[in-house]
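Asker: File name upload-v7.cif; file contents mmCIF, C-alpha atoms; full text below.
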data_final
loop_
_atom_site.label_atom_id
_atom_site.label_comp_id
_atom_site.auth_asym_id
_atom_site.auth_seq_id
_atom_site.Cartn_x
_atom_site.Cartn_y
_atom_site.Cartn_z
CA MET A 1 93.98 -20.61 -96.62
CA PHE A 2 90.79 -19.23 -98.20
CA LYS A 3 91.94 -20.39 -101.66
CA LYS A 4 92.54 -23.88 -100.30
CA ILE A 5 89.02 -23.98 -98.95
CA LEU A 6 87.61 -22.91 -102.30
CA SER A 7 89.61 -25.62 -104.07
CA LEU A 8 87.78 -28.22 -102.00
CA PHE A 9 84.52 -27.10 -103.59
CA LYS A 10 85.58 -27.14 -107.26
CA SER A 11 83.09 -29.87 -107.85
CA GLN A 12 80.42 -27.65 -106.25
CA PRO A 13 80.78 -24.21 -107.93
CA GLU A 14 77.49 -22.92 -106.57
CA LEU A 15 78.60 -23.53 -102.97
CA ALA A 16 81.97 -21.91 -103.65
CA ASN A 17 80.22 -18.80 -104.99
CA GLN A 18 78.13 -18.59 -101.84
CA ILE A 19 81.24 -18.72 -99.62
CA THR A 20 82.97 -16.02 -101.68
CA ALA A 21 79.95 -13.76 -101.45
CA SER A 22 79.67 -14.24 -97.68
CA ALA A 23 83.35 -13.43 -97.14
CA SER A 24 83.18 -10.21 -99.15
CA ALA A 25 80.20 -9.07 -97.07
CA ILE A 26 82.20 -9.07 -93.82
CA PRO A 27 83.54 -5.55 -93.02
CA SER A 28 87.33 -5.28 -92.80
CA THR A 29 87.02 -3.69 -89.38
CA ALA A 30 85.00 -6.58 -87.87
CA PRO A 31 86.62 -8.06 -84.76
CA ILE A 32 88.18 -11.47 -85.11
CA PRO A 33 86.41 -13.98 -82.88
CA THR A 34 88.77 -15.59 -80.41
CA ARG A 35 88.50 -18.65 -78.23
CA MET A 36 88.97 -18.10 -74.51
CA VAL A 37 91.77 -20.24 -73.07
CA ARG A 38 92.19 -20.72 -69.34
CA SER A 39 95.62 -19.60 -68.23
CA ARG A 40 97.49 -21.03 -65.31
CA ARG A 41 100.82 -20.56 -63.58
CA LYS A 42 103.57 -21.91 -65.79
CA THR A 43 105.60 -24.89 -64.62
CA LYS A 44 108.30 -26.95 -66.31
CA SER A 45 105.72 -29.34 -67.72
CA ASP A 46 103.41 -26.63 -68.95
CA GLY A 47 105.07 -26.13 -72.31
CA ASP A 48 103.60 -23.11 -74.06
CA TRP A 49 100.92 -22.30 -71.45
CA THR A 50 100.84 -18.60 -70.70
CA ARG A 51 101.67 -17.26 -67.25
CA GLN A 52 98.78 -16.11 -65.09
CA PRO A 53 99.14 -12.44 -64.07
CA GLU A 54 100.25 -12.08 -60.48
CA GLU A 55 97.53 -10.93 -58.11
CA PRO A 56 98.21 -7.52 -56.51
CA THR A 57 99.58 -7.71 -53.00
CA THR A 58 97.66 -6.17 -50.12
CA ALA A 59 100.19 -3.34 -49.96
CA GLN A 60 99.59 -2.63 -53.65
CA GLN A 61 95.82 -2.66 -53.16
CA LEU A 62 96.10 -0.14 -50.33
CA HIS A 63 97.77 2.32 -52.71
CA ALA A 64 94.30 2.80 -54.21
CA LEU A 65 93.10 4.58 -51.05
CA PRO A 66 92.62 8.36 -51.22
CA GLY A 67 95.61 10.54 -50.39
CA GLU A 68 94.47 11.41 -46.85
CA TYR A 69 95.06 7.82 -45.74
CA LYS A 70 98.50 6.76 -44.51
CA VAL A 71 99.65 3.15 -44.81
CA LEU A 72 102.27 1.20 -42.87
CA ASN A 73 103.27 -2.33 -43.89
CA ASP A 74 104.99 -5.14 -41.99
CA LEU A 75 105.26 -3.62 -38.54
CA LEU A 76 107.00 -5.26 -35.58
CA VAL A 77 106.17 -3.46 -32.34
CA ALA A 78 107.02 -4.25 -28.73
CA ASN A 79 104.28 -6.08 -26.86
CA PRO A 80 105.04 -7.29 -23.32
CA LYS A 81 101.89 -9.45 -23.36
CA SER A 82 103.25 -11.50 -26.26
CA ARG A 83 105.38 -14.56 -25.53
CA SER A 84 107.97 -13.34 -28.02
CA GLY A 85 107.89 -9.78 -26.64
CA TYR A 86 106.71 -8.39 -29.98
CA SER A 87 103.66 -8.33 -32.22
CA SER A 88 103.91 -8.56 -35.99
CA ILE A 89 101.23 -6.58 -37.80
CA ASP A 90 100.80 -7.00 -41.55
CA HIS A 91 99.27 -3.59 -42.35
CA VAL A 92 98.02 -0.47 -40.59
CA VAL A 93 95.90 2.13 -42.35
CA ILE A 94 95.45 5.52 -40.64
CA GLY A 95 92.39 7.36 -41.88
CA PRO A 96 90.41 10.50 -41.04
CA ARG A 97 87.96 8.53 -38.84
CA GLY A 98 90.02 5.72 -37.38
CA ILE A 99 92.84 3.20 -37.66
CA PHE A 100 92.50 -0.10 -39.50
CA VAL A 101 94.71 -2.93 -38.25
CA ILE A 102 94.90 -5.62 -40.91
CA GLU A 103 96.04 -9.23 -40.92
CA THR A 104 96.19 -11.22 -44.14
CA ARG A 105 95.64 -14.99 -44.25
CA ASN A 106 96.85 -16.92 -47.28
CA LEU A 107 94.49 -19.88 -46.99
CA THR A 108 93.66 -20.76 -50.58
CA THR A 109 91.13 -23.58 -50.36
CA GLY A 110 88.31 -24.80 -48.18
CA GLU A 111 85.26 -23.39 -46.45
CA ILE A 112 85.89 -21.45 -43.25
CA ARG A 113 83.25 -21.86 -40.56
CA GLY A 114 83.06 -20.29 -37.13
CA GLY A 115 81.30 -17.94 -34.76
CA ARG A 116 82.50 -14.64 -33.42
CA ARG A 117 82.83 -16.01 -29.88
CA GLU A 118 84.01 -19.51 -30.77
CA ALA A 119 87.66 -20.15 -29.92
CA ASN A 120 88.19 -22.60 -32.77
CA TRP A 121 87.02 -22.44 -36.35
CA THR A 122 87.01 -25.21 -38.94
CA VAL A 123 88.34 -25.39 -42.48
CA SER A 124 86.75 -28.00 -44.74
CA SER A 125 90.03 -28.71 -46.56
CA SER A 126 91.89 -29.53 -43.32
CA ARG A 127 91.31 -31.66 -40.25
CA ILE A 128 93.20 -29.13 -38.15
CA LYS A 129 91.08 -26.50 -36.47
CA MET A 130 91.94 -22.83 -36.87
CA TYR A 131 92.17 -20.62 -33.80
CA ASN A 132 89.63 -17.82 -34.16
CA PRO A 133 91.64 -15.24 -36.17
CA LEU A 134 89.74 -12.32 -34.64
CA MET A 135 90.69 -13.41 -31.12
CA GLN A 136 94.28 -13.86 -32.21
CA HIS A 137 94.30 -10.49 -33.94
CA ARG A 138 93.05 -8.65 -30.84
CA GLY A 139 96.54 -8.83 -29.39
CA HIS A 140 97.86 -7.03 -32.47
CA VAL A 141 95.22 -4.33 -32.19
CA GLU A 142 96.03 -3.82 -28.50
CA ALA A 143 99.73 -3.61 -29.33
CA ILE A 144 99.05 -0.78 -31.79
CA GLN A 145 96.82 1.01 -29.30
CA ALA A 146 99.56 0.87 -26.65
CA HIS A 147 101.83 2.96 -28.88
CA LEU A 148 99.37 5.73 -29.78
CA GLY A 149 100.34 8.21 -27.08
CA ASP A 150 97.80 11.04 -26.96
CA TYR A 151 95.68 9.28 -29.59
CA LYS A 152 94.74 6.23 -27.53
CA ARG A 153 91.03 7.04 -27.88
CA VAL A 154 91.11 6.78 -31.67
CA ARG A 155 88.70 4.19 -33.09
CA LEU A 156 90.50 0.98 -34.05
CA VAL A 157 89.03 -1.49 -36.53
CA SER A 158 90.30 -5.07 -36.69
CA MET A 159 90.30 -6.65 -40.16
CA VAL A 160 91.31 -10.17 -41.18
CA THR A 161 91.38 -10.95 -44.89
CA PHE A 162 91.25 -14.28 -46.73
CA THR A 163 91.81 -14.98 -50.41
CA ASN A 164 88.76 -15.31 -52.63
CA ARG A 165 89.80 -18.86 -53.46
CA CYS A 166 88.38 -20.03 -50.15
CA ARG A 167 84.82 -19.61 -48.88
CA ILE A 168 83.91 -17.58 -45.80
CA SER A 169 80.92 -19.01 -43.94
CA VAL A 170 81.27 -17.31 -40.56
CA ASP A 171 79.10 -15.32 -38.16
CA PRO A 172 77.34 -12.69 -40.35
CA ALA A 173 78.00 -10.10 -37.65
CA VAL A 174 81.66 -9.90 -38.68
CA ARG A 175 80.86 -9.53 -42.37
CA TYR A 176 79.15 -6.12 -42.11
CA VAL A 177 80.73 -2.69 -41.67
CA ASN A 178 78.80 -1.93 -38.50
CA SER A 179 81.26 -4.19 -36.67
CA ASP A 180 84.73 -3.13 -35.51
CA GLU A 181 85.93 -6.69 -36.07
CA LEU A 182 85.67 -7.79 -39.69
CA ILE A 183 86.37 -10.93 -41.69
CA ILE A 184 86.52 -10.15 -45.42
CA TYR A 185 87.94 -11.31 -48.73
CA ASP A 186 91.17 -9.60 -49.73
CA HIS A 187 89.62 -8.02 -52.83
CA GLU A 188 87.04 -6.30 -50.59
CA LEU A 189 89.67 -4.54 -48.49
CA VAL A 190 89.80 -1.02 -49.95
CA GLU A 191 86.04 -0.82 -50.49
CA THR A 192 85.40 -1.98 -46.91
CA ILE A 193 87.78 0.61 -45.46
CA LEU A 194 86.00 3.38 -47.36
CA ARG A 195 82.54 2.12 -46.38
CA LYS A 196 83.57 1.78 -42.74
CA THR A 197 84.95 5.33 -42.81
CA GLU A 198 81.59 6.60 -44.09
CA ARG A 199 79.79 4.74 -41.31
CA LEU A 200 82.10 6.18 -38.64
CA GLU A 201 81.44 9.63 -40.06
CA THR A 202 77.73 9.03 -39.51
CA GLU A 203 78.16 7.54 -36.02
CA VAL A 204 80.62 10.10 -34.64
CA PRO A 205 80.62 13.11 -36.97
CA GLU A 206 82.53 15.23 -34.44
CA THR A 207 85.52 12.87 -34.58
CA LEU A 208 87.66 13.88 -37.52
CA TYR A 209 91.42 13.53 -37.62
CA LYS A 210 93.09 16.20 -39.67
CA GLU A 211 96.14 15.78 -41.84
CA GLN A 212 98.51 16.73 -39.01
CA ASP A 213 96.88 14.18 -36.69
CA ILE A 214 97.17 11.40 -39.25
CA GLN A 215 100.80 12.31 -39.84
CA ALA A 216 101.51 12.37 -36.09
CA ILE A 217 100.05 8.87 -35.65
CA TYR A 218 102.00 7.67 -38.67
CA ASN A 219 105.24 9.08 -37.21
CA MET A 220 104.61 7.47 -33.80
CA LEU A 221 104.01 4.02 -35.24
CA SER A 222 106.94 4.34 -37.63
CA ALA A 223 109.20 5.22 -34.68
CA VAL A 224 108.27 2.08 -32.70
CA ASN A 225 108.55 -0.26 -35.68
CA SER A 226 111.58 -2.48 -35.17
CA THR A 227 113.61 -2.94 -38.33
CA ASP A 228 116.53 -4.73 -36.67
CA PRO A 229 117.08 -7.97 -38.67
CA GLN A 230 118.15 -9.95 -35.61
CA ILE A 231 115.10 -8.91 -33.56
CA ARG A 232 112.84 -9.84 -36.45
CA ALA A 233 114.56 -13.20 -36.93
CA ASP A 234 114.28 -13.99 -33.20
CA HIS A 235 110.60 -13.05 -33.23
CA MET A 236 109.94 -15.35 -36.20
CA GLU A 237 111.60 -18.28 -34.45
CA LYS A 238 109.63 -17.74 -31.26
CA ALA A 239 106.43 -17.25 -33.22
CA LYS A 240 106.94 -20.64 -34.91
CA GLY A 241 107.28 -22.24 -31.50
CA ILE A 242 104.03 -20.60 -30.33
CA LYS A 243 102.14 -21.94 -33.35
#
Show me this structure written as structure tokens.

Answerer:
Amino acid sequence: MFKKILSLFKSQPELANQITASASAIPSTAPIPTRMVRSRRKTKSDGDWTRQPEEPTTAQQLHALPGEYKVLNDLLVANPKSRSGYSSIDHVVIGPRGIFVIETRNLTTGEIRGGRREANWTVSSSRIKMYNPLMQHRGHVEAIQAHLGDYKRVRLVSMVTFTNRCRISVDPAVRYVNSDELIIYDHELVETILRKTERLETEVPETLYKEQDIQAIYNMLSAVNSTDPQIRADHMEKAKGIK
């Protein structure tokens, strides 16, 4: 390729000499400049476009928590207050200062607006109003608390996550770790859990759950988690009807 370029300048030997000199001055270890190309998810019409790396799931993100934390995913626990008789909880994290009950929302576009005490929130990309996710999630938090046995007084923190492809414009009170009800982006999850744990340590330093306590809570919640496929299928059908 370089020889072809030089051949173009045969009629201009001085310019060709300048190019040759410049090329020899470049170190062999110099990085090759590359052009950034936006990647996207590959479809049939995409041809040679590269696949976009899959984003880590919430369960995968929670693996980054320190070893003293215990994580439960996809729980279905009995809840007599629910119309279906059960509550489905996406994730529960049991830590040394409290329990984090997490719900993930997969809304990918639009601006979310709403107040902590408002029953309905709005999404700019949809004409349909969203029921306040914190109010909806309270039933899940109460369902977990009902199964804690001797640990009913443990601090519970409600967390609802949205993808970072939408925009959260809600009551600032639920965006700071001093609240026990939090609306956050999914990529903030692990950091927020750790920051909230530090705050709880400052607020109630005498409350510290040891390894055996965390394991006991984990065992209790694991025991009440329904894994029966038929019960789960029935719950999903009833949940669709409620929505």

Asker: Using all atoms listed in the file, which residues sit within 12 Å of A:Ala216 once same-chain residues fewer than 3 positions away are excluded, as an MDAnalysis selection string?

Answerer: chainID A and resid 70 94:95 147:151 209:213 219:223

Asker: Please save C-alpha atoms of the selected residues as a JSON list (two decimals), in the coordinates of the input.

Answerer:
[["chain", "number", "residue", "atom", "x", "y", "z"],
["A", 70, "LYS", "CA", 98.50, 6.76, -44.51],
["A", 94, "ILE", "CA", 95.45, 5.52, -40.64],
["A", 95, "GLY", "CA", 92.39, 7.36, -41.88],
["A", 147, "HIS", "CA", 101.83, 2.96, -28.88],
["A", 148, "LEU", "CA", 99.37, 5.73, -29.78],
["A", 149, "GLY", "CA", 100.34, 8.21, -27.08],
["A", 150, "ASP", "CA", 97.80, 11.04, -26.96],
["A", 151, "TYR", "CA", 95.68, 9.28, -29.59],
["A", 209, "TYR", "CA", 91.42, 13.53, -37.62],
["A", 210, "LYS", "CA", 93.09, 16.20, -39.67],
["A", 211, "GLU", "CA", 96.14, 15.78, -41.84],
["A", 212, "GLN", "CA", 98.51, 16.73, -39.01],
["A", 213, "ASP", "CA", 96.88, 14.18, -36.69],
["A", 219, "ASN", "CA", 105.24, 9.08, -37.21],
["A", 220, "MET", "CA", 104.61, 7.47, -33.80],
["A", 221, "LEU", "CA", 104.01, 4.02, -35.24],
["A", 222, "SER", "CA", 106.94, 4.34, -37.63],
["A", 223, "ALA", "CA", 109.20, 5.22, -34.68]]

Asker: Return the single residue from A:Arg97, A:Ile102, A:Ile183, A:Tyr69 that is closest to A:Pro205, with distances computed using only C-alpha atoms.

Answerer: A:Arg97

Asker: Provide the atom CA of A:Val71 to atom CA of A:Ser169 distance in Å, to one decimal place.

Answerer: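 Between atom CA of A:Val71 and atom CA of A:Ser169 the gap is 29.0 Å.
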
Asker: Smallest atom-to-atom distance to A:Arg199: which of A:Thr227, A:Arg117, A:Ile214, A:Gly98, using only C-alpha atoms?

Answerer: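 Using only C-alpha atoms, the shortest distance to A:Arg199 belongs to A:Gly98.
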
Asker: Looking at A:Asp228, A:Glu198, A:Glu191, A:Asp234, which one is nearest to A:Leu65, with distances taken over all atoms listed in the file?

Answerer: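 Among the listed residues, the smallest separation from A:Leu65 belongs to A:Glu191.
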
Asker: Record the distance separating atom CA of A:Glu201 and atom CA of A:His187, expressed in Å with one decimal.

Answerer: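 Between atom CA of A:Glu201 and atom CA of A:His187 the gap is 23.3 Å.
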
Asker: May I ask for the distance between atom CA of A:Arg138 and atom CA of A:Arg153, given in Å to one decimal place?

Answerer: 16.1 Å

Asker: On this structure, which residues satisfy the PyMOL selection byres ((chain A and resi 78) around 8), written as a list in words?

Answerer: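 Against this file, the PyMOL selection byres ((chain A and resi 78) around 8) returns the residues Leu76, Val77, Asn79, Pro80, Gly85, Tyr86, Ser87, Ala143 and Val224 of chain A.
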
Asker: Specify as a ChimeraX atom specification each residue included when the PyMOL selection byres ((chain A and resi 184) around 8) is applied to this file.

Answerer: /A:159-162,168,175,182-183,185-186,188-189

Asker: Keeping only C-alpha atoms, write the selected residues to a file as a JSON list (two decimals), in the frame of the given file.

Answerer:
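Output (again25.json):
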[["chain", "number", "residue", "atom", "x", "y", "z"],
["A", 159, "MET", "CA", 90.30, -6.65, -40.16],
["A", 160, "VAL", "CA", 91.31, -10.17, -41.18],
["A", 161, "THR", "CA", 91.38, -10.95, -44.89],
["A", 162, "PHE", "CA", 91.25, -14.28, -46.73],
["A", 168, "ILE", "CA", 83.91, -17.58, -45.80],
["A", 175, "ARG", "CA", 80.86, -9.53, -42.37],
["A", 182, "LEU", "CA", 85.67, -7.79, -39.69],
["A", 183, "ILE", "CA", 86.37, -10.93, -41.69],
["A", 185, "TYR", "CA", 87.94, -11.31, -48.73],
["A", 186, "ASP", "CA", 91.17, -9.60, -49.73],
["A", 188, "GLU", "CA", 87.04, -6.30, -50.59],
["A", 189, "LEU", "CA", 89.67, -4.54, -48.49]]

Asker: Between A:Gln215, A:Ala59, A:Leu75, A:Glu111, which one has atoms that come closest to A:Arg127, using only C-alpha atoms?

Answerer: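 Comparing A:Gln215, A:Ala59, A:Leu75, A:Glu111 against A:Arg127, the winner is A:Glu111.
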
Asker: Name all residues at most 12 Å from A:Gly110 (count all atoms listed in the file; drop same-chain ones fewer than 3 positions away) and give them as a VMD selection string.

Answerer: chain A and resid 106 to 107 113 122 to 128 162 to 169

Asker: Using all atoms listed in the file, which of A:Val204, A:Ile217, A:Leu72, A:Val157 sits nearest A:Asp90?

Answerer: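 Residue with the minimum atom-to-atom distance to A:Asp90: A:Leu72.
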
Asker: Of the residues A:Ile231, A:Val177, A:Val170, A:Val101, which is the one nearest to A:Gln145, using only C-alpha atoms?

Answerer: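 Smallest separation from A:Gln145 among the options: A:Val101.
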
Asker: Can you translate the PyMOL selection byres ((chain A and resi 178) around 10) into the concrete residues it hits in this file, as number ranges by chain?

Answerer: A: 173-177, 179-182, 195-196, 199-200, 203

Asker: Using the atoms already present, construct N, CA, C and O atoms for stretch 89-100 of chain A and hand them back as a short mmCIF file (atom, residue, chain, number, x, y, z; two decimals), in the frame of the given file.

Answerer:
data_model
loop_
_atom_site.label_atom_id
_atom_site.label_comp_id
_atom_site.auth_asym_id
_atom_site.auth_seq_id
_atom_site.Cartn_x
_atom_site.Cartn_y
_atom_site.Cartn_z
N ILE A 89 102.49 -7.04 -37.19
CA ILE A 89 101.23 -6.58 -37.80
C ILE A 89 101.46 -6.41 -39.30
O ILE A 89 102.40 -5.72 -39.72
N ASP A 90 100.60 -7.03 -40.10
CA ASP A 90 100.80 -7.00 -41.55
C ASP A 90 100.64 -5.60 -42.13
O ASP A 90 101.50 -5.13 -42.87
N HIS A 91 99.54 -4.92 -41.77
CA HIS A 91 99.27 -3.59 -42.35
C HIS A 91 98.50 -2.74 -41.36
O HIS A 91 97.64 -3.24 -40.63
N VAL A 92 98.78 -1.45 -41.37
CA VAL A 92 98.02 -0.47 -40.59
C VAL A 92 97.66 0.68 -41.52
O VAL A 92 98.52 1.22 -42.22
N VAL A 93 96.37 1.01 -41.54
CA VAL A 93 95.90 2.13 -42.35
C VAL A 93 95.35 3.20 -41.40
O VAL A 93 94.47 2.92 -40.59
N ILE A 94 95.88 4.40 -41.49
CA ILE A 94 95.45 5.52 -40.64
C ILE A 94 94.60 6.44 -41.49
O ILE A 94 95.06 7.00 -42.49
N GLY A 95 93.33 6.56 -41.11
CA GLY A 95 92.39 7.36 -41.88
C GLY A 95 91.82 8.51 -41.08
O GLY A 95 92.13 8.68 -39.90
N PRO A 96 90.97 9.31 -41.70
CA PRO A 96 90.41 10.50 -41.04
C PRO A 96 89.40 10.17 -39.95
O PRO A 96 89.02 11.05 -39.18
N ARG A 97 88.96 8.91 -39.86
CA ARG A 97 87.96 8.53 -38.84
C ARG A 97 88.43 7.42 -37.93
O ARG A 97 87.74 7.09 -36.96
N GLY A 98 89.55 6.81 -38.22
CA GLY A 98 90.02 5.72 -37.38
C GLY A 98 91.23 5.03 -37.96
O GLY A 98 91.76 5.41 -39.01
N ILE A 99 91.67 3.98 -37.25
CA ILE A 99 92.84 3.20 -37.66
C ILE A 99 92.38 1.78 -37.96
O ILE A 99 91.65 1.16 -37.19
N PHE A 100 92.83 1.25 -39.09
CA PHE A 100 92.50 -0.10 -39.50
C PHE A 100 93.74 -0.98 -39.34
O PHE A 100 94.77 -0.72 -39.95
#
